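Heads up: the structure comes next, in structure tokens.
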Amino acid sequence: MNSLLLKIEDLIGLFNRLFQESENTILVAGDDEPIYLPADDQHPHHRVIFAHGFYESALHEISHWCIAGKERRQLVDFGYWYEPDGRSAERQREFEQVEVKPQAVEWLLSEACGRKFHVSTDNLDGDPAEVQAGLQRFSENVVQQAQTYLSQGLPPRAEVLKQALLDYYQRHHQFSAELFELERL
């Protein structure tokens, strides 16, 4: 499947059919920064809001939602901190630790719908040598986590969505463990 043929409306419809009733959660295209917002007095559903209508942003935000436990899903952005680019080396390592599992889930979901996955440490302003070394380490950790998910199973909501994407995009025959190697990142 050519990723140019993927329509964000299809992903929104699929996600909402799967999770609007069962999890009281909908996927919403946002205009600006991505955010997760729990249901409140004005909005009856929890909302996974992704940036600028981008398919990649939607898959990334969905991945965080798939990992978040019930209590975290009651908190804005699951209660996580976000510090923009320009983090200290220590804060960058903390950021990467939090991002390994969601990016591994995102990679599996991306492959399920035939989209190229791009690992990201969200660190454009750091020292170039340190950024590259960090990206290499982080990529290795994402590969290891993806392989762990393949052998031990994804979180339940991620598995439901992965299977639905494989069905919708007819990619069962293309989806295999060989896709999740370091050389493919």
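By convention here, the chains of the structure tokens are called A, B, ... in the order presented, each chain's residues are numbered starting at 1, and ligands are numbered starting at 1 in the order presented.
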
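The shell of residues at most 12 Å from Gly79 (chain A), with only C-alpha atoms counted and near chain neighbours (fewer than 2 positions) removed, consists of Ile35, Tyr36, Leu37, Pro38, His64, Trp65, Ala68, Gly69, Lys70, Glu71, Arg72, Arg73, Gln74, Leu75, Val76, Asp77, Trp81 and Tyr82 of chain A.
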
Please identify every residue of region 1-25 of chain A that has at least one atom no farther than 10 Å from an atom of region 164-179 of chain A, counting only C-alpha atoms, and for each give the shortest atom pair and the distance in Å to one decimal, arranged by chain then increasing number, as JSON lines.
```
{"residue": "A:Met1", "atom": "CA", "partner": "A:Tyr169", "partner_atom": "CA", "distance": 7.5}
{"residue": "A:Leu6", "atom": "CA", "partner": "A:Tyr169", "partner_atom": "CA", "distance": 9.0}
{"residue": "A:Asp10", "atom": "CA", "partner": "A:Tyr168", "partner_atom": "CA", "distance": 9.2}
{"residue": "A:Leu11", "atom": "CA", "partner": "A:Leu165", "partner_atom": "CA", "distance": 8.4}
{"residue": "A:Leu14", "atom": "CA", "partner": "A:Ala164", "partner_atom": "CA", "distance": 7.7}
{"residue": "A:Phe15", "atom": "CA", "partner": "A:Ala164", "partner_atom": "CA", "distance": 8.9}
{"residue": "A:Leu18", "atom": "CA", "partner": "A:Ala164", "partner_atom": "CA", "distance": 8.5}
```

Write out, as a PDB file, in the first residue's frame, the residues just selected, with N, CA and C atoms.
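File written: out.pdb
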```pdb
ATOM      1  N   MET A   1       0.853  -1.182   0.000  1.00  0.00           N
ATOM      2  CA  MET A   1       0.000   0.000   0.000  1.00  0.00           C
ATOM      3  C   MET A   1       0.886   1.228   0.000  1.00  0.00           C
ATOM      4  N   LEU A   6      -3.296   6.532   1.820  1.00  0.00           N
ATOM      5  CA  LEU A   6      -3.927   6.462   3.131  1.00  0.00           C
ATOM      6  C   LEU A   6      -4.666   7.768   3.407  1.00  0.00           C
ATOM      7  N   ASP A  10     -10.237   7.698   6.910  1.00  0.00           N
ATOM      8  CA  ASP A  10     -10.401   6.254   7.105  1.00  0.00           C
ATOM      9  C   ASP A  10      -9.927   5.842   8.492  1.00  0.00           C
ATOM     10  N   LEU A  11      -8.776   6.385   8.906  1.00  0.00           N
ATOM     11  CA  LEU A  11      -8.242   6.057  10.230  1.00  0.00           C
ATOM     12  C   LEU A  11      -9.179   6.571  11.320  1.00  0.00           C
ATOM     13  N   LEU A  14     -12.283   4.312  11.409  1.00  0.00           N
ATOM     14  CA  LEU A  14     -11.957   3.000  11.957  1.00  0.00           C
ATOM     15  C   LEU A  14     -11.760   3.074  13.473  1.00  0.00           C
ATOM     16  N   PHE A  15     -10.961   4.030  13.909  1.00  0.00           N
ATOM     17  CA  PHE A  15     -10.706   4.196  15.346  1.00  0.00           C
ATOM     18  C   PHE A  15     -12.021   4.433  16.086  1.00  0.00           C
ATOM     19  N   LEU A  18     -14.206   1.442  16.457  1.00  0.00           N
ATOM     20  CA  LEU A  18     -13.666   0.473  17.410  1.00  0.00           C
ATOM     21  C   LEU A  18     -13.796   0.928  18.860  1.00  0.00           C
TER      22      LEU A  18
END
```

Task: Within 12 Å of Ser151 (chain A) using only C-alpha atoms, minus same-chain residues under 3 positions, as an MDAnalysis selection string - done: chainID A and resid 144:148 154 176:177 180

Task: Which of A:His60, A:Gly114, A:Gly134, A:Val28 sits closest to Glu94 (chain A) [using only C-alpha atoms] - done: A:Gly134

Open item on the list: Could you list, as a ChimeraX atom specification, every residue within 12 Å of Ile26 (chain A), counting only C-alpha atoms and ignoring same-chain residues fewer than 5 positions away?
Closed with: /A:11-21,36-39,43-50,58,61-62,65

May I have the residues within 10 Å of Ser120 (chain A) as a PDB file with N, CA, C and O atoms, in the first residue's frame, using only C-alpha atoms and disregarding those fewer than 4 positions away in the same chain?
```pdb
ATOM      1  N   GLU A  96      13.326  10.006  26.069  1.00  0.00           N
ATOM      2  CA  GLU A  96      13.476   8.800  25.254  1.00  0.00           C
ATOM      3  C   GLU A  96      12.943   7.571  25.968  1.00  0.00           C
ATOM      4  O   GLU A  96      12.332   6.703  25.335  1.00  0.00           O
ATOM      5  N   GLU A  99       9.288   7.458  25.542  1.00  0.00           N
ATOM      6  CA  GLU A  99       8.860   7.330  24.147  1.00  0.00           C
ATOM      7  C   GLU A  99       9.109   5.956  23.520  1.00  0.00           C
ATOM      8  O   GLU A  99       8.573   5.677  22.454  1.00  0.00           O
ATOM      9  N   VAL A 100       9.899   5.094  24.126  1.00  0.00           N
ATOM     10  CA  VAL A 100      10.241   3.806  23.510  1.00  0.00           C
ATOM     11  C   VAL A 100       8.992   2.974  23.220  1.00  0.00           C
ATOM     12  O   VAL A 100       8.789   2.522  22.089  1.00  0.00           O
ATOM     13  N   GLN A 103       6.543   4.550  20.572  1.00  0.00           N
ATOM     14  CA  GLN A 103       7.076   4.517  19.212  1.00  0.00           C
ATOM     15  C   GLN A 103       7.147   3.095  18.675  1.00  0.00           C
ATOM     16  O   GLN A 103       6.968   2.875  17.473  1.00  0.00           O
ATOM     17  N   LEU A 124      16.080  18.341  17.849  1.00  0.00           N
ATOM     18  CA  LEU A 124      16.711  18.962  16.686  1.00  0.00           C
ATOM     19  C   LEU A 124      17.757  20.002  17.052  1.00  0.00           C
ATOM     20  O   LEU A 124      18.627  20.327  16.249  1.00  0.00           O
ATOM     21  N   LEU A 135      20.023   9.075  18.942  1.00  0.00           N
ATOM     22  CA  LEU A 135      19.093   8.494  17.986  1.00  0.00           C
ATOM     23  C   LEU A 135      19.410   7.023  17.738  1.00  0.00           C
ATOM     24  O   LEU A 135      18.508   6.185  17.671  1.00  0.00           O
ATOM     25  N   PHE A 138      18.362   5.095  20.887  1.00  0.00           N
ATOM     26  CA  PHE A 138      16.912   5.083  20.952  1.00  0.00           C
ATOM     27  C   PHE A 138      16.329   4.134  19.911  1.00  0.00           C
ATOM     28  O   PHE A 138      15.425   3.348  20.204  1.00  0.00           O
ATOM     29  N   SER A 139      16.850   4.177  18.695  1.00  0.00           N
ATOM     30  CA  SER A 139      16.377   3.287  17.627  1.00  0.00           C
ATOM     31  C   SER A 139      16.540   1.829  18.024  1.00  0.00           C
ATOM     32  O   SER A 139      15.638   1.011  17.812  1.00  0.00           O
TER      33      SER A 139
END
```

Open item on the list: as a count of residues only, please: every residue in chain A that DSSP puts in helix (DSSP H, G or I).
Closed with: 108

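Each of A:Cys66, A:Ala112, A:Leu185, A:Ile8 was compared to Arg157 (chain A) using only C-alpha atoms, and A:Cys66 turns out to be the nearest.
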
TODO: Work out how far apart CA of Phe95 (chain A) and CA of Tyr80 (chain A) are and give it in Å to one decimal.
DONE: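 Separation between CA of Phe95 (chain A) and CA of Tyr80 (chain A): 10.1 Å.
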
- [ ] Determine the nearest neighbour of Ala89 (chain A) from the options A:Ile67, A:Cys113, A:Ala133, A:Leu59, counting only C-alpha atoms.
- [x]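 Residue with the minimum atom-to-atom distance to Ala89 (chain A): A:Ala133.
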
I want to know what sits within 10 Å of Ser110 (chain A), based on only C-alpha atoms, with residues of the same chain fewer than 4 positions away left out; could you give that as a compact mmCIF listing (two decimals) with N, CA, C and O atoms, in the first residue's frame?
```txt
# COMPACT_ATOMS: atom_id res chain seq x y z
N SER A 3 1.67 4.85 0.97
CA SER A 3 1.18 5.68 2.06
C SER A 3 0.47 6.93 1.55
O SER A 3 -0.27 7.56 2.29
N TYR A 55 -1.45 11.94 9.35
CA TYR A 55 -1.62 10.51 9.64
C TYR A 55 -0.60 10.06 10.68
O TYR A 55 -0.92 9.35 11.63
N GLU A 56 0.67 10.47 10.49
CA GLU A 56 1.74 10.07 11.41
C GLU A 56 1.46 10.58 12.83
O GLU A 56 1.68 9.86 13.80
N LEU A 59 -1.27 8.35 14.39
CA LEU A 59 -0.75 7.06 14.85
C LEU A 59 0.08 7.21 16.12
O LEU A 59 0.02 6.37 17.02
N HIS A 60 0.85 8.29 16.21
CA HIS A 60 1.68 8.51 17.41
C HIS A 60 0.80 8.75 18.64
O HIS A 60 1.02 8.15 19.69
N ALA A 104 7.36 2.12 19.53
CA ALA A 104 7.31 0.73 19.08
C ALA A 104 5.89 0.36 18.64
O ALA A 104 5.70 -0.28 17.61
N VAL A 105 4.89 0.78 19.41
CA VAL A 105 3.49 0.55 19.03
C VAL A 105 3.19 1.28 17.72
O VAL A 105 2.59 0.71 16.80
N GLU A 106 3.64 2.53 17.62
CA GLU A 106 3.41 3.30 16.40
C GLU A 106 4.00 2.61 15.18
O GLU A 106 3.40 2.57 14.11
N GLY A 114 0.65 -0.02 6.17
CA GLY A 114 1.52 0.17 5.01
C GLY A 114 2.19 1.53 4.96
O GLY A 114 2.57 2.00 3.90
N ARG A 115 2.37 2.13 6.10
CA ARG A 115 3.00 3.45 6.17
C ARG A 115 4.42 3.33 6.71
O ARG A 115 4.66 2.60 7.66
N LYS A 116 5.34 4.06 6.12
CA LYS A 116 6.73 4.08 6.59
C LYS A 116 6.77 4.77 7.95
O LYS A 116 6.19 5.83 8.15
N PHE A 117 7.45 4.15 8.89
CA PHE A 117 7.61 4.70 10.24
C PHE A 117 8.94 5.42 10.34
O PHE A 117 9.95 4.94 9.82
N HIS A 118 8.94 6.55 11.02
CA HIS A 118 10.17 7.32 11.25
C HIS A 118 10.35 7.50 12.75
O HIS A 118 9.54 8.17 13.40
N LYS A 162 -4.39 -2.84 15.56
CA LYS A 162 -3.48 -3.44 14.57
C LYS A 162 -4.23 -4.43 13.70
O LYS A 162 -4.10 -4.41 12.47
N LEU A 165 -6.50 -2.59 11.29
CA LEU A 165 -5.72 -1.97 10.21
C LEU A 165 -5.28 -3.02 9.20
O LEU A 165 -5.35 -2.79 7.98
```

TODO: Pull the strand (DSSP E or B) assignments for chain A out of DSSP run on the backbone, and list those residues as an NGL selection string.
DONE: :A and (25-29 or 35-37 or 46-50)
